[in-house]
file entry.cif (mmCIF, C-alpha atoms)
data_data
#
loop_
_atom_site.label_atom_id
_atom_site.label_comp_id
_atom_site.auth_asym_id
_atom_site.auth_seq_id
_atom_site.Cartn_x
_atom_site.Cartn_y
_atom_site.Cartn_z
CA MET F 254 82.27 69.64 -55.56
CA LEU F 255 81.26 66.41 -57.17
CA ARG F 256 78.37 65.87 -54.68
CA VAL F 257 77.06 69.38 -55.38
CA GLN F 258 77.05 68.78 -59.09
CA THR F 259 75.25 65.49 -58.72
CA LEU F 260 72.60 67.16 -56.56
CA PHE F 261 71.92 69.89 -59.05
CA SER F 262 71.79 67.41 -61.89
CA ARG F 263 69.10 65.34 -60.17
CA LEU F 264 67.06 68.43 -59.38
CA ALA F 265 67.24 69.34 -63.00
CA VAL F 266 65.78 66.11 -64.23
CA GLY F 267 63.04 66.11 -61.52
CA ARG F 268 64.18 63.09 -59.45
CA PRO F 269 63.74 63.66 -55.71
CA MET F 270 66.69 62.95 -53.53
CA MET F 271 66.61 62.25 -49.84
CA LEU F 272 69.43 63.54 -47.75
CA THR F 273 69.76 60.91 -45.02
CA ARG F 274 72.43 59.88 -42.65
CA PRO F 275 73.82 56.35 -43.02
CA LEU F 276 72.27 53.75 -40.56
CA SER F 277 74.33 52.32 -37.75
CA HIS F 278 74.85 48.57 -37.44
CA SER F 279 72.43 48.20 -34.47
CA ALA F 280 69.72 50.22 -36.17
CA PHE F 281 70.10 48.19 -39.31
CA LEU F 282 69.69 44.94 -37.34
CA ALA F 283 66.60 46.29 -35.52
CA LYS F 284 65.02 47.23 -38.85
CA ASN F 285 65.76 43.85 -40.37
CA SER F 286 64.63 41.38 -37.65
CA THR F 287 65.50 38.26 -39.63
CA LEU F 288 69.03 39.40 -40.03
CA ALA F 289 69.19 40.38 -36.35
CA ALA F 290 67.99 36.94 -35.30
CA THR F 291 70.58 35.19 -37.36
CA GLU F 292 73.36 37.45 -36.28
CA THR F 293 72.52 37.71 -32.54
CA LYS F 294 71.77 34.00 -32.02
CA PRO F 295 74.97 32.19 -31.13
CA LYS F 296 75.82 29.19 -33.19
CA ARG F 297 75.60 25.78 -31.49
CA THR F 298 78.62 23.64 -31.53
CA ALA F 299 78.55 20.08 -32.84
CA ALA F 300 79.00 18.69 -29.32
CA ALA F 301 76.04 20.66 -27.97
CA ALA F 302 73.83 19.48 -30.84
CA ALA F 303 74.81 15.83 -30.22
CA ALA F 304 74.04 16.16 -26.49
CA ALA F 305 70.60 17.67 -27.21
CA GLY F 306 69.79 14.85 -29.63
CA SER F 307 70.68 12.13 -27.13
CA LYS F 308 68.61 13.84 -24.44
CA LYS F 309 65.60 14.02 -26.77
CA LYS F 310 65.90 10.31 -27.52
CA LYS F 311 66.02 9.49 -23.80
CA THR F 312 62.93 11.57 -23.00
CA SER F 313 60.97 10.12 -25.92
CA GLY F 314 61.88 6.60 -24.82
CA GLY F 315 60.78 7.36 -21.26
CA ASN F 316 57.48 8.79 -22.46
CA LYS F 317 56.81 5.62 -24.47
CA LYS F 318 57.47 3.46 -21.42
CA MET F 319 55.13 5.59 -19.30
CA ALA F 320 52.46 5.36 -22.00
CA LYS F 321 52.77 1.57 -22.05
CA LYS F 322 52.45 1.43 -18.26
CA ALA F 323 49.35 3.62 -18.38
CA ALA F 324 47.82 1.57 -21.16
CA LYS F 325 48.07 -1.69 -19.21
CA PRO F 326 45.50 -1.57 -16.38
CA LYS F 327 46.10 -3.70 -13.35
CA ALA F 328 44.13 -6.90 -13.31
CA ALA F 329 41.35 -6.71 -10.69
CA LYS F 330 41.48 -9.34 -8.00
CA PRO F 331 38.58 -11.77 -8.30
CA LYS F 332 36.10 -11.20 -5.47
CA ALA F 333 34.62 -14.14 -3.68
CA ALA F 334 31.03 -14.61 -4.84
CA LYS F 335 28.57 -14.08 -2.00
CA PRO F 336 25.76 -16.60 -1.88
CA LYS F 337 22.51 -14.84 -2.76
CA ALA F 338 19.65 -15.36 -0.37
CA ALA F 339 16.70 -17.02 -2.03
CA LYS F 340 13.86 -14.52 -2.46
CA PRO F 341 10.56 -15.70 -1.05
CA LYS F 342 7.99 -16.36 -3.70
CA ALA F 343 5.35 -13.66 -3.90
CA ALA F 344 1.84 -14.74 -3.04
CA LYS F 345 -0.44 -15.23 -6.00
CA ARG F 346 -2.33 -12.03 -6.70
CA THR F 347 -6.06 -12.08 -6.81
CA THR F 348 -7.41 -11.27 -10.23
CA LYS F 349 -9.92 -8.49 -10.87
CA LYS F 350 -12.52 -11.05 -11.88
CA GLU F 351 -12.21 -12.81 -8.54
CA LEU F 352 -12.77 -9.51 -6.72
CA THR F 353 -15.82 -8.47 -8.74
CA GLU F 354 -17.69 -11.79 -8.89
CA THR F 355 -19.26 -13.41 -5.85
CA ILE F 356 -17.09 -16.24 -4.55
CA VAL F 357 -19.23 -17.81 -1.82
CA THR F 358 -22.66 -16.89 -0.49
CA PRO F 359 -24.19 -18.40 2.66
CA PRO F 360 -27.89 -19.23 2.84
CA ILE F 361 -30.08 -16.33 3.91
CA LYS F 362 -31.97 -16.33 7.16
CA GLY F 363 -35.64 -17.23 7.20
CA PRO F 364 -38.28 -14.51 6.68
CA THR F 365 -39.97 -12.70 9.51
CA ALA F 366 -43.73 -12.74 10.05
CA TYR F 367 -44.04 -9.29 8.51
CA ASN F 368 -42.04 -10.38 5.42
CA LEU F 369 -44.45 -13.28 4.89
CA PHE F 370 -47.43 -10.92 5.17
CA VAL F 371 -45.98 -8.45 2.62
CA LYS F 372 -45.18 -11.30 0.24
CA GLU F 373 -48.76 -12.56 0.50
CA GLN F 374 -50.16 -9.08 -0.22
CA TYR F 375 -47.88 -8.72 -3.26
CA VAL F 376 -49.10 -12.01 -4.74
CA LYS F 377 -52.74 -11.02 -4.16
CA ALA F 378 -52.24 -7.61 -5.79
CA GLY F 379 -50.58 -9.20 -8.80
CA SER F 380 -53.38 -11.73 -9.30
CA VAL F 381 -56.02 -8.99 -9.05
CA ARG F 382 -54.29 -6.43 -11.32
CA GLY F 383 -52.85 -8.93 -13.75
CA ASP F 384 -49.44 -7.25 -13.80
CA LYS F 385 -46.42 -6.73 -11.52
CA PRO F 386 -47.37 -4.19 -8.86
CA SER F 387 -44.90 -1.75 -7.34
CA ILE F 388 -43.04 -3.26 -4.38
CA ALA F 389 -42.75 0.15 -2.69
CA GLY F 390 -46.50 0.77 -3.00
CA ILE F 391 -47.39 -2.69 -1.67
CA SER F 392 -44.98 -2.23 1.25
CA ARG F 393 -46.62 1.06 2.26
CA GLU F 394 -50.10 -0.44 2.10
CA SER F 395 -49.03 -3.59 3.96
CA SER F 396 -47.36 -1.59 6.73
CA GLY F 397 -50.66 0.10 7.70
CA SER F 398 -52.59 -3.14 7.47
CA TRP F 399 -50.03 -5.02 9.61
CA LYS F 400 -50.16 -2.43 12.38
CA SER F 401 -53.96 -2.61 12.53
CA MET F 402 -53.97 -6.43 12.85
CA SER F 403 -54.50 -8.14 16.21
CA GLU F 404 -52.06 -10.66 17.74
CA ALA F 405 -54.42 -13.52 16.88
CA GLU F 406 -54.41 -12.46 13.22
CA LYS F 407 -50.61 -12.27 13.20
CA GLN F 408 -50.19 -15.69 14.85
CA PRO F 409 -50.30 -17.80 11.64
CA TYR F 410 -47.53 -15.70 10.11
CA GLU F 411 -45.45 -15.96 13.30
CA GLN F 412 -45.71 -19.77 13.33
CA LYS F 413 -44.80 -20.06 9.66
CA SER F 414 -41.87 -17.67 10.17
CA GLN F 415 -40.48 -19.78 13.03
CA GLN F 416 -40.65 -22.95 10.93
CA GLU F 417 -38.90 -21.41 7.93
CA ARG F 418 -36.26 -19.69 10.06
CA LYS F 419 -35.49 -22.98 11.79
CA GLN F 420 -35.04 -24.72 8.44
CA GLN F 421 -32.77 -21.94 7.16
CA GLU F 422 -30.75 -22.06 10.37
CA GLU F 423 -29.99 -25.75 9.81
CA LYS F 424 -28.94 -25.01 6.25
CA LEU F 425 -26.75 -22.15 7.45
CA ARG F 426 -25.13 -24.29 10.13
CA GLN F 427 -24.39 -27.00 7.58
CA TRP F 428 -22.96 -24.44 5.17
CA TRP F 429 -20.59 -22.97 7.75
CA SER F 430 -19.41 -26.41 8.82
CA THR F 431 -18.46 -27.43 5.27
CA VAL F 432 -17.35 -24.20 3.57
CA ASP F 433 -13.69 -23.58 2.74
CA ARG F 434 -12.52 -20.85 5.14
CA SER F 435 -9.97 -19.53 2.63
CA LEU F 436 -12.84 -18.76 0.24
CA VAL F 437 -14.66 -16.94 3.03
CA LYS F 438 -11.58 -14.74 3.58
CA LEU F 439 -11.38 -14.04 -0.13
CA GLU F 440 -15.06 -13.11 -0.27
CA ASN F 441 -14.62 -10.74 2.68
CA ARG F 442 -11.64 -9.19 0.91
CA ARG F 443 -13.78 -8.64 -2.17
CA ARG F 444 -16.52 -7.02 -0.11
CA ARG F 445 -14.06 -4.72 1.69
CA ARG F 446 -12.77 -3.52 -1.66
CA LEU F 447 -16.27 -2.81 -2.94
CA ILE F 448 -17.11 -0.94 0.27
CA ARG F 449 -13.91 1.11 0.01
CA ASP F 450 -13.96 1.87 -3.72
CA LYS F 451 -17.68 2.06 -4.55
CA GLY F 452 -19.30 2.67 -1.17
CA ALA F 453 -21.33 -0.51 -1.51
CA SER F 454 -23.34 -1.68 1.51
CA PHE F 455 -22.05 -5.16 2.27
CA GLN F 456 -21.80 -7.13 5.48
CA LEU F 457 -18.71 -9.23 6.04
CA LEU F 458 -19.27 -12.95 6.41
CA LYS F 459 -19.09 -14.06 10.06
CA ASP F 460 -19.90 -17.44 11.43
CA PRO F 461 -22.94 -16.91 13.71
CA PHE F 462 -22.32 -20.29 15.39
CA LEU F 463 -18.77 -19.51 16.48
CA PRO F 464 -18.58 -19.59 20.31
CA LYS F 465 -18.23 -16.17 21.88
CA ARG F 466 -15.01 -15.34 23.69
CA PRO F 467 -15.19 -15.33 27.51
CA HIS F 468 -15.09 -12.17 29.62
CA SER F 469 -12.20 -11.18 31.85
CA ALA F 470 -12.66 -10.66 35.59
CA PHE F 471 -12.77 -6.88 35.09
CA VAL F 472 -15.48 -7.15 32.40
CA VAL F 473 -17.56 -9.37 34.70
CA PHE F 474 -17.21 -6.68 37.39
CA CYS F 475 -18.21 -3.96 34.87
CA VAL F 476 -21.35 -5.82 33.79
CA GLU F 477 -22.43 -6.08 37.41
CA LYS F 478 -21.69 -2.45 38.37
CA MET F 479 -22.64 -0.63 35.15
CA PRO F 480 -26.36 -0.03 36.01
CA TYR F 481 -25.43 1.58 39.35
CA ALA F 482 -22.21 3.41 38.41
CA PRO F 483 -22.20 7.24 38.61
CA GLY F 484 -21.94 9.18 35.35
CA SER F 485 -24.06 10.55 32.53
CA ASN F 486 -22.67 8.28 29.81
CA VAL F 487 -20.90 4.95 29.36
CA ALA F 488 -17.41 6.50 29.27
CA GLU F 489 -17.86 8.28 32.62
CA LYS F 490 -19.37 5.17 34.19
CA ALA F 491 -16.47 3.02 32.93
CA LYS F 492 -13.94 5.42 34.49
CA SER F 493 -15.65 5.30 37.86
CA ILE F 494 -15.88 1.48 37.70
CA ALA F 495 -12.15 1.26 36.85
CA VAL F 496 -11.29 3.37 39.89
CA GLU F 497 -13.45 1.15 42.07
CA TRP F 498 -11.86 -2.02 40.60
CA ASN F 499 -8.33 -0.79 41.26
CA ALA F 500 -9.24 -0.07 44.87
CA LEU F 501 -10.36 -3.68 45.49
CA SER F 502 -8.05 -6.17 47.18
CA ASP F 503 -7.17 -9.56 45.68
CA LYS F 504 -9.60 -11.25 48.06
CA GLN F 505 -12.43 -8.95 46.94
CA LYS F 506 -11.61 -9.64 43.25
CA GLU F 507 -11.55 -13.40 43.78
CA PRO F 508 -15.29 -14.06 43.02
CA TYR F 509 -15.00 -12.25 39.66
CA VAL F 510 -11.76 -14.07 38.82
CA LYS F 511 -13.41 -17.45 39.51
CA GLU F 512 -16.41 -16.56 37.36
CA ALA F 513 -14.10 -15.52 34.48
CA GLN F 514 -12.18 -18.80 34.80
CA GLY F 515 -15.44 -20.77 34.61
CA MET F 516 -16.41 -18.88 31.44
CA ALA F 517 -12.97 -19.63 29.91
CA GLU F 518 -13.37 -23.35 30.59
CA GLN F 519 -16.84 -23.35 29.05
CA TYR F 520 -15.50 -21.53 26.01
CA LYS F 521 -12.79 -24.15 25.54
CA LYS F 522 -15.35 -26.97 25.59
CA GLU F 523 -17.54 -25.20 23.06
CA MET F 524 -14.58 -24.54 20.76
CA ASP F 525 -13.52 -28.19 20.93
CA ALA F 526 -17.03 -29.26 19.93
CA TYR F 527 -17.10 -26.60 17.20
CA ASN F 528 -13.77 -27.70 15.71
CA ALA F 529 -14.74 -31.38 15.93
CA ARG F 530 -17.35 -30.81 13.23
CA PHE F 531 -14.68 -29.86 10.70
CA VAL F 532 -12.56 -32.90 11.59
CA GLU F 533 -15.53 -35.22 11.02
CA ASN F 534 -16.30 -33.62 7.67
#

call {"tool": "encode", "arguments": {"input": "entry.cif", "output": "structure tokens"}}
result
Amino acid sequence: MLRVQTLFSRLAVGRPMMLTRPLSHSAFLAKNSTLAATETKPKRTAAAAAAAGSKKKKTSGGNKKMAKKAAKPKAAKPKAAKPKAAKPKAAKRTTKKELTETIVTPPIKGPTAYNLFVKEQYVKAGSVRGDKPSIAGISRESSGSWKSMSEAEKQPYEQKSQQERKQQEEKLRQWWSTVDRSLVKLENRRRRRLIRDKGASFQLLKDPFLPKRPHSAFVVFCVEKMPYAPGSNVAEKAKSIAVEWNALSDKQKEPYVKEAQGMAEQYKKEMDAYNARFVEN
């Protein structure tokens, strides 16, 4: 009766009232999670708390020891020093200036009879015209005049050419007997570079008085048989001569072997005389 009166009194004053059933203990705990956590979690005893604290101290102490061990790296064993091999000194490089400038130049050969005739015509043309005539024009004019000359007319130029060429040959021989061969190699190196890089027309320096190497027995045989060997060119003839040489017996090859040995002995004598000039100088 009292609940009914209270209900009607609230409705009269306009205050809403919710008719709900009271919550159970489990529902109340689920709604209030903080309370549920405190109530459902069992309380630790003093002994359990002390055991957990001692275990934590042990683990922390072990971690510190492990950290110290990791921090201290093991000392590396000293390796025996291997003796280093001495590097060979690099050869001195040739400078660009040495490769572009002429290092050594041998004397030129004497002029030919035709060169003397052209030179004479050039001097005459210059004295007549009073200026420097064109070398190309004088050469063309001289070529026709030289061809129309008789042998008797050419004879004075031939004799003068022989005299001058002989004088230049002596100078050239003296130059090759006294020149430093290392400078000759360097000059040839310079010329090879100019030929390779710039396409220049240079001849390498070669001693014209150096004795020629002797022939082998087979080469002596080839020189003898080449004019009569079958074939349309030198390669075909050489093949046929090689077949013929291989078919010969040792007794048949003996004359060519002896001739090659004689040439080798002569070459040795000439080389000894050639090298003796450098020893004297």

call {"tool": "closest_atom_pairs", "arguments": {"input": "entry.cif", "of": "stretch 361-434 of chain F", "to": "stretch 448-464 of chain F", "cutoff": "10 Å", "atoms": "all atoms listed in the file", "output": "tab-separated table"}}
result
residue	atom	partner	partner_atom	distance
F:Glu422	CA	F:Pro461	CA	9.9
F:Leu425	CA	F:Pro461	CA	9.0
F:Arg426	CA	F:Phe462	CA	7.2
F:Trp428	CA	F:Asp460	CA	9.9
F:Trp429	CA	F:Asp460	CA	6.7
F:Ser430	CA	F:Asp460	CA	9.4

call {"tool": "resolve_selection", "arguments": {"input": "entry.cif", "expression": "the PyMOL selection byres ((chain F and resi 395-403) around 8)", "output": "list of chain:residue names"}}
result
F:Tyr367, F:Phe370, F:Val371, F:Gln374, F:Ile391, F:Ser392, F:Arg393, F:Glu394, F:Glu404, F:Ala405, F:Glu406, F:Lys407

call {"tool": "write_last_selection", "arguments": {"input": "entry.cif", "atoms": "C-alpha atoms", "output": "short mmCIF file (atom, residue, chain, number, x, y, z; two decimals), in the frame of the given file"}}
result
data_model
loop_
_atom_site.label_atom_id
_atom_site.label_comp_id
_atom_site.auth_asym_id
_atom_site.auth_seq_id
_atom_site.Cartn_x
_atom_site.Cartn_y
_atom_site.Cartn_z
CA TYR F 367 -44.04 -9.29 8.51
CA PHE F 370 -47.43 -10.92 5.17
CA VAL F 371 -45.98 -8.45 2.62
CA GLN F 374 -50.16 -9.08 -0.22
CA ILE F 391 -47.39 -2.69 -1.67
CA SER F 392 -44.98 -2.23 1.25
CA ARG F 393 -46.62 1.06 2.26
CA GLU F 394 -50.10 -0.44 2.10
CA GLU F 404 -52.06 -10.66 17.74
CA ALA F 405 -54.42 -13.52 16.88
CA GLU F 406 -54.41 -12.46 13.22
CA LYS F 407 -50.61 -12.27 13.20
#

call {"tool": "closest_atom_pairs", "arguments": {"input": "entry.cif", "of": "stretch 389-494 of chain F", "to": "stretch 356-363 of chain F", "cutoff": "6 Å", "atoms": "all atoms listed in the file", "output": "JSON lines"}}
result
{"residue": "F:Glu417", "atom": "CA", "partner": "F:Gly363", "partner_atom": "CA", "distance": 5.4}
{"residue": "F:Arg418", "atom": "CA", "partner": "F:Gly363", "partner_atom": "CA", "distance": 3.8}
{"residue": "F:Gln421", "atom": "CA", "partner": "F:Gly363", "partner_atom": "CA", "distance": 5.5}
{"residue": "F:Leu425", "atom": "CA", "partner": "F:Pro360", "partner_atom": "CA", "distance": 5.6}
{"residue": "F:Glu440", "atom": "CA", "partner": "F:Ile356", "partner_atom": "CA", "distance": 5.7}

call {"tool": "atom_distance", "arguments": {"input": "entry.cif", "atom1": "atom CA of F:Ala389", "atom2": "atom CA of F:Gln412"}}
result
25.7 Å

call {"tool": "residues_around", "arguments": {"input": "entry.cif", "residues": "stretch 468-478 of chain F", "least_positions_apart": "6", "cutoff": "8 Å", "atoms": "only C-alpha atoms", "output": "list in words"}}
result
Ala491, Ile494, Trp498, Lys506, Tyr509, Val510, Lys511, Glu512, Ala513, Met516 and Ala517 of chain F

call {"tool": "write_last_selection", "arguments": {"input": "entry.cif", "atoms": "C-alpha atoms", "output": "mmCIF file, keeping the file's coordinate frame"}}
result
data_model
loop_
_atom_site.group_PDB
_atom_site.id
_atom_site.type_symbol
_atom_site.label_atom_id
_atom_site.label_comp_id
_atom_site.auth_asym_id
_atom_site.auth_seq_id
_atom_site.Cartn_x
_atom_site.Cartn_y
_atom_site.Cartn_z
ATOM 1 C CA ALA F 491 -16.470 3.020 32.930
ATOM 2 C CA ILE F 494 -15.880 1.480 37.700
ATOM 3 C CA TRP F 498 -11.860 -2.020 40.600
ATOM 4 C CA LYS F 506 -11.610 -9.640 43.250
ATOM 5 C CA TYR F 509 -15.000 -12.250 39.660
ATOM 6 C CA VAL F 510 -11.760 -14.070 38.820
ATOM 7 C CA LYS F 511 -13.410 -17.450 39.510
ATOM 8 C CA GLU F 512 -16.410 -16.560 37.360
ATOM 9 C CA ALA F 513 -14.100 -15.520 34.480
ATOM 10 C CA MET F 516 -16.410 -18.880 31.440
ATOM 11 C CA ALA F 517 -12.970 -19.630 29.910
#

call {"tool": "atom_distance", "arguments": {"input": "entry.cif", "atom1": "atom CA of F:Ala366", "atom2": "atom CA of F:Lys419"}}
result
13.3 Å

call {"tool": "atom_distance", "arguments": {"input": "entry.cif", "atom1": "atom CA of F:Lys385", "atom2": "atom CA of F:Glu411"}}
result
26.5 Å

call {"tool": "closest_residue", "arguments": {"input": "entry.cif", "among": "F:Arg444, F:Arg530, F:Tyr410, F:Leu501", "to": "F:Val432", "atoms": "only C-alpha atoms"}}
result
F:Arg530

call {"tool": "closest_residue", "arguments": {"input": "entry.cif", "among": "F:Arg443, F:Lys413, F:Lys490, F:Lys504", "to": "F:Pro364", "atoms": "all atoms listed in the file"}}
result
F:Lys413

call {"tool": "closest_residue", "arguments": {"input": "entry.cif", "among": "F:Arg466, F:Asn441, F:Leu369, F:Ala378", "to": "F:Pro409", "atoms": "all atoms listed in the file"}}
result
F:Leu369

call {"tool": "decode", "arguments": {"input": "entry.cif", "residues": "stretch 479-493 of chain F", "atoms": "C-alpha atoms", "output": "mmCIF file, in the first residue's frame"}}
result
data_model
loop_
_atom_site.group_PDB
_atom_site.id
_atom_site.type_symbol
_atom_site.label_atom_id
_atom_site.label_comp_id
_atom_site.auth_asym_id
_atom_site.auth_seq_id
_atom_site.Cartn_x
_atom_site.Cartn_y
_atom_site.Cartn_z
ATOM 1 C CA MET F 479 112.164 -20.883 -105.621
ATOM 2 C CA PRO F 480 112.639 -19.934 -109.332
ATOM 3 C CA TYR F 481 111.750 -23.487 -110.447
ATOM 4 C CA ALA F 482 109.077 -24.418 -107.881
ATOM 5 C CA PRO F 483 105.511 -25.050 -109.153
ATOM 6 C CA GLY F 484 102.816 -22.563 -108.159
ATOM 7 C CA SER F 485 101.289 -19.260 -109.213
ATOM 8 C CA ASN F 486 102.435 -17.276 -106.169
ATOM 9 C CA VAL F 487 105.073 -17.329 -103.440
ATOM 10 C CA ALA F 488 102.820 -19.095 -100.907
ATOM 11 C CA GLU F 489 102.072 -22.009 -103.264
ATOM 12 C CA LYS F 490 105.729 -22.289 -104.234
ATOM 13 C CA ALA F 491 106.798 -22.308 -100.568
ATOM 14 C CA LYS F 492 104.366 -25.159 -99.817
ATOM 15 C CA SER F 493 105.708 -27.274 -102.657
#
